[in-house]
>>> print(open('input-v4.txt').read())   # compact mmCIF, C-alpha atoms
# COMPACT_ATOMS: atom_id res chain seq x y z
CA MET A 204 5.49 20.21 -8.65
CA THR A 205 1.82 19.24 -8.80
CA HIS A 206 2.37 15.55 -9.65
CA ALA A 207 3.70 12.99 -7.14
CA LEU A 208 4.77 9.38 -7.44
CA ILE A 209 3.41 7.25 -4.59
CA VAL A 210 5.44 4.06 -4.13
CA ILE A 211 3.40 1.58 -2.11
CA ASP A 212 5.00 -0.86 0.35
CA MET A 213 8.14 -1.92 -1.52
CA GLN A 214 9.32 -3.84 1.54
CA ARG A 215 11.31 -7.05 1.96
CA ASP A 216 8.39 -8.98 3.45
CA PHE A 217 6.34 -8.38 0.28
CA CYS A 218 9.14 -9.47 -2.05
CA PRO A 219 10.23 -13.05 -2.85
CA GLY A 220 11.64 -14.68 0.28
CA GLY A 221 9.56 -12.44 2.55
CA ALA A 222 6.84 -13.38 5.03
CA LEU A 223 4.03 -12.26 2.68
CA ALA A 224 5.78 -12.50 -0.66
CA VAL A 225 4.07 -11.16 -3.76
CA THR A 226 5.15 -13.06 -6.87
CA GLY A 227 7.52 -10.93 -8.92
CA GLY A 228 7.58 -8.13 -6.34
CA ASP A 229 11.31 -7.59 -6.75
CA GLU A 230 11.01 -7.29 -10.55
CA ILE A 231 9.55 -3.79 -10.34
CA VAL A 232 12.16 -2.17 -8.07
CA ALA A 233 14.52 -1.00 -10.82
CA PRO A 234 11.81 0.40 -13.11
CA ILE A 235 10.21 2.20 -10.16
CA ASN A 236 13.57 3.78 -9.36
CA ALA A 237 13.82 4.90 -12.99
CA ARG A 238 10.41 6.64 -12.81
CA MET A 239 11.24 8.71 -9.72
CA ALA A 240 13.03 11.46 -11.64
CA ASP A 241 9.87 12.12 -13.68
CA PHE A 242 7.90 13.53 -10.73
CA GLY A 243 7.97 16.66 -8.62
CA ALA A 244 7.68 14.61 -5.44
CA VAL A 245 8.23 10.99 -4.43
CA ILE A 246 6.41 9.49 -1.44
CA LEU A 247 7.01 6.00 -0.06
CA THR A 248 4.57 4.08 2.11
CA GLN A 249 5.64 1.44 4.59
CA ASP A 250 3.58 -1.16 6.45
CA TRP A 251 4.65 -0.82 10.09
CA HIS A 252 2.83 -3.28 12.35
CA PRO A 253 3.41 -3.79 16.06
CA ALA A 254 4.03 -7.41 17.07
CA GLY A 255 0.75 -9.22 17.68
CA HIS A 256 -1.21 -6.99 15.28
CA SER A 257 -4.91 -7.86 15.02
CA SER A 258 -4.57 -8.55 11.28
CA PHE A 259 -2.14 -11.42 11.93
CA ALA A 260 -3.59 -14.93 11.86
CA SER A 261 -1.30 -15.75 14.79
CA SER A 262 -3.33 -13.33 16.93
CA HIS A 263 -6.51 -15.41 16.44
CA PRO A 264 -6.30 -18.99 17.79
CA GLY A 265 -7.67 -21.52 15.33
CA GLN A 266 -7.38 -19.20 12.33
CA GLN A 267 -5.02 -19.60 9.40
CA PRO A 268 -3.39 -17.06 7.09
CA MET A 269 -5.78 -15.92 4.33
CA ASP A 270 -8.86 -16.69 6.47
CA VAL A 271 -11.33 -13.79 6.59
CA ILE A 272 -12.95 -12.66 9.84
CA GLN A 273 -15.27 -9.84 10.80
CA MET A 274 -13.71 -6.92 12.64
CA PRO A 275 -15.59 -3.85 13.97
CA TYR A 276 -14.66 -2.03 10.75
CA GLY A 277 -15.66 -4.88 8.39
CA PRO A 278 -14.11 -8.00 6.82
CA GLN A 279 -10.43 -8.54 7.55
CA VAL A 280 -8.09 -10.94 5.75
CA LEU A 281 -5.77 -12.55 8.29
CA TRP A 282 -2.17 -12.38 7.15
CA PRO A 283 1.03 -14.11 8.16
CA ASP A 284 3.02 -11.98 10.60
CA HIS A 285 4.71 -9.39 8.38
CA CYS A 286 6.34 -5.94 8.41
CA VAL A 287 6.75 -5.98 12.19
CA GLN A 288 8.17 -2.67 13.38
CA GLY A 289 11.96 -2.64 13.31
CA SER A 290 12.27 -6.08 11.72
CA HIS A 291 14.40 -6.88 8.69
CA GLY A 292 11.25 -7.72 6.71
CA ALA A 293 9.70 -4.33 7.40
CA GLY A 294 12.62 -2.57 5.74
CA PHE A 295 12.46 -1.38 2.16
CA HIS A 296 13.89 -3.58 -0.58
CA ALA A 297 17.63 -3.00 -0.53
CA ALA A 298 17.68 -1.76 -4.12
CA LEU A 299 14.85 0.78 -3.73
CA ALA A 300 16.10 4.36 -4.16
CA THR A 301 14.85 5.57 -0.78
CA ASP A 302 17.07 8.67 -0.85
CA ALA A 303 14.78 10.08 -3.53
CA ALA A 304 11.79 10.17 -1.17
CA ASP A 305 10.35 13.49 0.01
CA LEU A 306 8.22 11.67 2.60
CA ILE A 307 7.77 8.20 4.09
CA ILE A 308 4.30 7.38 5.42
CA ARG A 309 4.11 4.51 7.89
CA LYS A 310 0.75 2.79 8.25
CA GLY A 311 -0.78 -0.12 10.14
CA HIS A 312 0.77 0.86 13.47
CA ASN A 313 -2.57 0.85 15.32
CA PRO A 314 -2.70 -2.69 16.79
CA ALA A 315 -6.51 -2.86 16.57
CA ILE A 316 -7.00 -1.97 12.91
CA ASP A 317 -5.29 -2.72 9.62
CA SER A 318 -4.34 0.02 7.18
CA TYR A 319 -4.09 -0.80 3.47
CA SER A 320 -4.57 2.72 2.14
CA ALA A 321 -1.88 5.40 2.17
CA PHE A 322 -4.63 7.83 3.21
CA PHE A 323 -6.83 6.09 5.80
CA GLU A 324 -6.85 3.12 8.13
CA ASN A 325 -9.35 0.39 7.22
CA ASP A 326 -12.14 2.12 9.08
CA HIS A 327 -11.97 4.61 6.15
CA GLN A 328 -12.02 7.46 8.68
CA THR A 329 -8.71 7.62 10.58
CA PRO A 330 -6.26 9.60 8.43
CA THR A 331 -2.57 8.87 7.96
CA GLY A 332 -1.74 12.54 7.33
CA LEU A 333 -0.85 12.08 3.66
CA HIS A 334 -3.80 14.12 2.36
CA GLY A 335 -2.79 17.12 4.45
CA TYR A 336 0.79 16.87 3.26
CA LEU A 337 -0.22 16.75 -0.39
CA GLN A 338 -2.55 19.73 0.04
CA THR A 339 0.21 21.74 1.70
CA ARG A 340 2.54 20.94 -1.21
CA GLY A 341 -0.13 21.85 -3.78
CA ILE A 342 0.00 18.37 -5.32
CA THR A 343 -3.13 17.48 -7.30
CA ALA A 344 -2.09 14.48 -9.44
CA LEU A 345 -0.83 11.13 -8.23
CA THR A 346 0.72 8.14 -9.96
CA MET A 347 0.83 4.95 -7.88
CA VAL A 348 3.07 1.90 -8.19
CA GLY A 349 4.11 -0.95 -5.89
CA LEU A 350 2.65 -3.77 -3.81
CA ALA A 351 0.19 -5.25 -3.71
CA LEU A 352 -2.00 -4.09 -6.59
CA ASP A 353 -5.20 -5.68 -5.27
CA PHE A 354 -4.84 -4.50 -1.67
CA CYS A 355 -2.71 -1.51 -0.65
CA VAL A 356 -2.35 0.01 -4.14
CA ASN A 357 -6.07 -0.49 -4.77
CA PHE A 358 -7.24 1.04 -1.47
CA SER A 359 -4.80 3.95 -1.85
CA ALA A 360 -5.87 4.72 -5.41
CA VAL A 361 -9.60 4.57 -4.67
CA ASP A 362 -9.18 6.85 -1.65
CA ALA A 363 -7.07 9.27 -3.69
CA ALA A 364 -9.72 9.49 -6.39
CA LYS A 365 -12.46 10.03 -3.78
CA LEU A 366 -10.40 12.85 -2.30
CA GLY A 367 -10.31 14.54 -5.70
CA TYR A 368 -6.82 13.70 -6.94
CA ASP A 369 -6.18 12.95 -10.60
CA THR A 370 -5.13 9.37 -9.90
CA ARG A 371 -3.22 6.98 -12.14
CA VAL A 372 -1.98 3.45 -11.41
CA GLU A 373 0.81 2.07 -13.55
CA THR A 374 -0.16 -1.59 -13.46
CA ALA A 375 3.08 -2.70 -15.12
CA LEU A 376 4.90 -1.39 -12.04
CA CYS A 377 2.66 -3.28 -9.62
CA ARG A 378 2.26 -6.91 -8.65
CA GLY A 379 -0.73 -8.50 -6.92
CA ILE A 380 -1.69 -11.30 -4.56
CA ASP A 381 -4.95 -12.31 -6.32
CA LEU A 382 -6.73 -13.85 -3.33
CA ASN A 383 -10.04 -15.43 -4.42
CA GLY A 384 -10.47 -13.10 -7.39
CA SER A 385 -9.24 -9.99 -5.59
CA MET A 386 -7.31 -8.79 -8.63
CA ASP A 387 -10.30 -8.54 -10.96
CA ALA A 388 -12.38 -6.95 -8.20
CA ALA A 389 -9.67 -4.39 -7.49
CA LEU A 390 -9.25 -3.41 -11.14
CA ALA A 391 -13.01 -3.00 -11.53
CA GLY A 392 -13.24 -1.02 -8.31
CA MET A 393 -10.45 1.35 -9.32
CA ARG A 394 -12.00 1.96 -12.72
CA GLY A 395 -15.35 2.59 -11.07
CA ALA A 396 -13.77 5.17 -8.77
CA GLY A 397 -12.33 7.07 -11.74
CA VAL A 398 -8.73 5.84 -11.43
CA THR A 399 -6.79 5.70 -14.70
CA LEU A 400 -5.14 2.30 -15.18
CA ALA A 401 -2.06 2.55 -17.38
CA GLN A 402 -0.51 -0.64 -18.73
CA ASP A 403 2.92 0.89 -19.39
>>> encode(input="input-v4.txt", output="structure tokens")
Amino acid sequence: MTHALIVIDMQRDFCPGGALAVTGGDEIVAPINARMADFGAVILTQDWHPAGHSSFASSHPGQQPMDVIQMPYGPQVLWPDHCVQGSHGAGFHAALATDAADLIIRKGHNPAIDSYSAFFENDHQTPTGLHGYLQTRGITALTMVGLALDFCVNFSAVDAAKLGYDTRVETALCRGIDLNGSMDAALAGMRGAGVTLAQD
């Protein structure tokens, strides 16, 4: 019971046809489902933005999706409106085995700050509560899969390693956005943080 599978943001808006589609995002749903039985706990994360969130390009007149601006907590990529609370796009992919989840962590609900990581908002200080849950359960090892490898999976894995978890990312069960070299930077950053990157 010490090893958990963390499934990051397998939501409709991040899959083909969604508002912020990651190429091939739907290809990993079935193999992720197949992995769930191998772990003592399964935790799903879910982007859950209020309408008009500060990370949306539509909230900044004159800005376009994928522009980068400075926020009080640092650089912020501006995204298309996505994963708005209660919307169809914010729901999990229809084929994801959500009944297997012990816990669902919703993040990004603070309108003033984005939240890529499953552990902290993008100020790297405000917790989501996941760390406390894992400690209570006695979970010390984490395997991460999902979307997108270079943003939410990356931030989650690096934070997990910093918090002392034995952290593994199964890259074959992730897909990325690769914005201006973000994929290579994320892979290097995860390795540097002590995250194990498994190809299969």
>>> residues_around(input="input-v4.txt", residues="range 378-380 of chain A", least_positions_apart="6", cutoff="6 Å", atoms="only C-alpha atoms", output="JSON, numbers by chain")
{"A": [225, 228, 350, 351, 352, 353]}
>>> closest_residue(input="input-v4.txt", among="A:Ala298, A:Ile307, A:Ile231, A:Ile316", to="Tyr276 in chain A", atoms="all atoms listed in the file")
A:Ile316
>>> residues_around(input="input-v4.txt", residues="Gly221 in chain A", least_positions_apart="3", cutoff="10 Å", atoms="all atoms listed in the file", output="number ranges by chain")
A: 214-218, 224-225, 285-286, 291-293
>>> residues_around(input="input-v4.txt", residues="His327 in chain A", least_positions_apart="2", cutoff="10 Å", atoms="only C-alpha atoms", output="list of chain:residue names")
A:Tyr276, A:Ser318, A:Tyr319, A:Ser320, A:Phe322, A:Phe323, A:Glu324, A:Asn325, A:Thr329, A:Pro330, A:Phe358, A:Asp362
>>> atom_distance(input="input-v4.txt", atom1="CA of Asn383 in chain A", atom2="CA of Met269 in chain A")
9.7 Å
>>> residues_near_point(input="input-v4.txt", point="(14.2, 6.3, -1.6)", cutoff="12 Å", atoms="only C-alpha atoms", output="JSON, numbers by chain")
{"A": [208, 209, 210, 211, 212, 213, 214, 232, 233, 235, 236, 237, 238, 239, 240, 244, 245, 246, 247, 248, 249, 294, 295, 296, 297, 298, 299, 300, 301, 302, 303, 304, 305, 306, 307]}
>>> write_last_selection(input="input-v4.txt", atoms="C-alpha atoms", output="short mmCIF file (atom, residue, chain, number, x, y, z; two decimals), in the frame of the given file")
data_model
loop_
_atom_site.label_atom_id
_atom_site.label_comp_id
_atom_site.auth_asym_id
_atom_site.auth_seq_id
_atom_site.Cartn_x
_atom_site.Cartn_y
_atom_site.Cartn_z
CA LEU A 208 4.77 9.38 -7.44
CA ILE A 209 3.41 7.25 -4.59
CA VAL A 210 5.44 4.06 -4.13
CA ILE A 211 3.40 1.58 -2.11
CA ASP A 212 5.00 -0.86 0.35
CA MET A 213 8.14 -1.92 -1.52
CA GLN A 214 9.32 -3.84 1.54
CA VAL A 232 12.16 -2.17 -8.07
CA ALA A 233 14.52 -1.00 -10.82
CA ILE A 235 10.21 2.20 -10.16
CA ASN A 236 13.57 3.78 -9.36
CA ALA A 237 13.82 4.90 -12.99
CA ARG A 238 10.41 6.64 -12.81
CA MET A 239 11.24 8.71 -9.72
CA ALA A 240 13.03 11.46 -11.64
CA ALA A 244 7.68 14.61 -5.44
CA VAL A 245 8.23 10.99 -4.43
CA ILE A 246 6.41 9.49 -1.44
CA LEU A 247 7.01 6.00 -0.06
CA THR A 248 4.57 4.08 2.11
CA GLN A 249 5.64 1.44 4.59
CA GLY A 294 12.62 -2.57 5.74
CA PHE A 295 12.46 -1.38 2.16
CA HIS A 296 13.89 -3.58 -0.58
CA ALA A 297 17.63 -3.00 -0.53
CA ALA A 298 17.68 -1.76 -4.12
CA LEU A 299 14.85 0.78 -3.73
CA ALA A 300 16.10 4.36 -4.16
CA THR A 301 14.85 5.57 -0.78
CA ASP A 302 17.07 8.67 -0.85
CA ALA A 303 14.78 10.08 -3.53
CA ALA A 304 11.79 10.17 -1.17
CA ASP A 305 10.35 13.49 0.01
CA LEU A 306 8.22 11.67 2.60
CA ILE A 307 7.77 8.20 4.09
#
>>> residues_around(input="input-v4.txt", residues="Ser258 in chain A", least_positions_apart="4", cutoff="10 Å", atoms="all atoms listed in the file", output="PyMOL selection string")
chain A and resi 252+262-263+268+271-272+274+279-285+311+314-318
>>> closest_residue(input="input-v4.txt", among="A:Gln273, A:Thr346, A:Gln402, A:Ser359", to="Lys310 in chain A", atoms="only C-alpha atoms")
A:Ser359
>>> closest_residue(input="input-v4.txt", among="A:Asp387, A:Asp381, A:Asp250, A:Asp369", to="Ser290 in chain A", atoms="only C-alpha atoms")
A:Asp250
>>> closest_residue(input="input-v4.txt", among="A:Thr399, A:Thr205, A:Asn357, A:Asn313", to="Ala344 in chain A", atoms="all atoms listed in the file")
A:Thr205
>>> atom_distance(input="input-v4.txt", atom1="CA of Ala396 in chain A", atom2="CA of His334 in chain A")
17.4 Å
>>> atom_distance(input="input-v4.txt", atom1="CA of Ala391 in chain A", atom2="CA of Gly277 in chain A")
20.2 Å
>>> closest_residue(input="input-v4.txt", among="A:Val287, A:Gly341, A:Ala389, A:Asp241", to="Phe259 in chain A", atoms="only C-alpha atoms")
A:Val287
>>> closest_residue(input="input-v4.txt", among="A:Gln288, A:Thr331, A:Thr343, A:Gln266", to="Arg371 in chain A", atoms="all atoms listed in the file")
A:Thr343
>>> residues_around(input="input-v4.txt", residues="Gly397 in chain A", least_positions_apart="2", cutoff="9 Å", atoms="only C-alpha atoms", output="NGL selection string")
:A and (361 or 364-365 or 369-370 or 392-395 or 399)
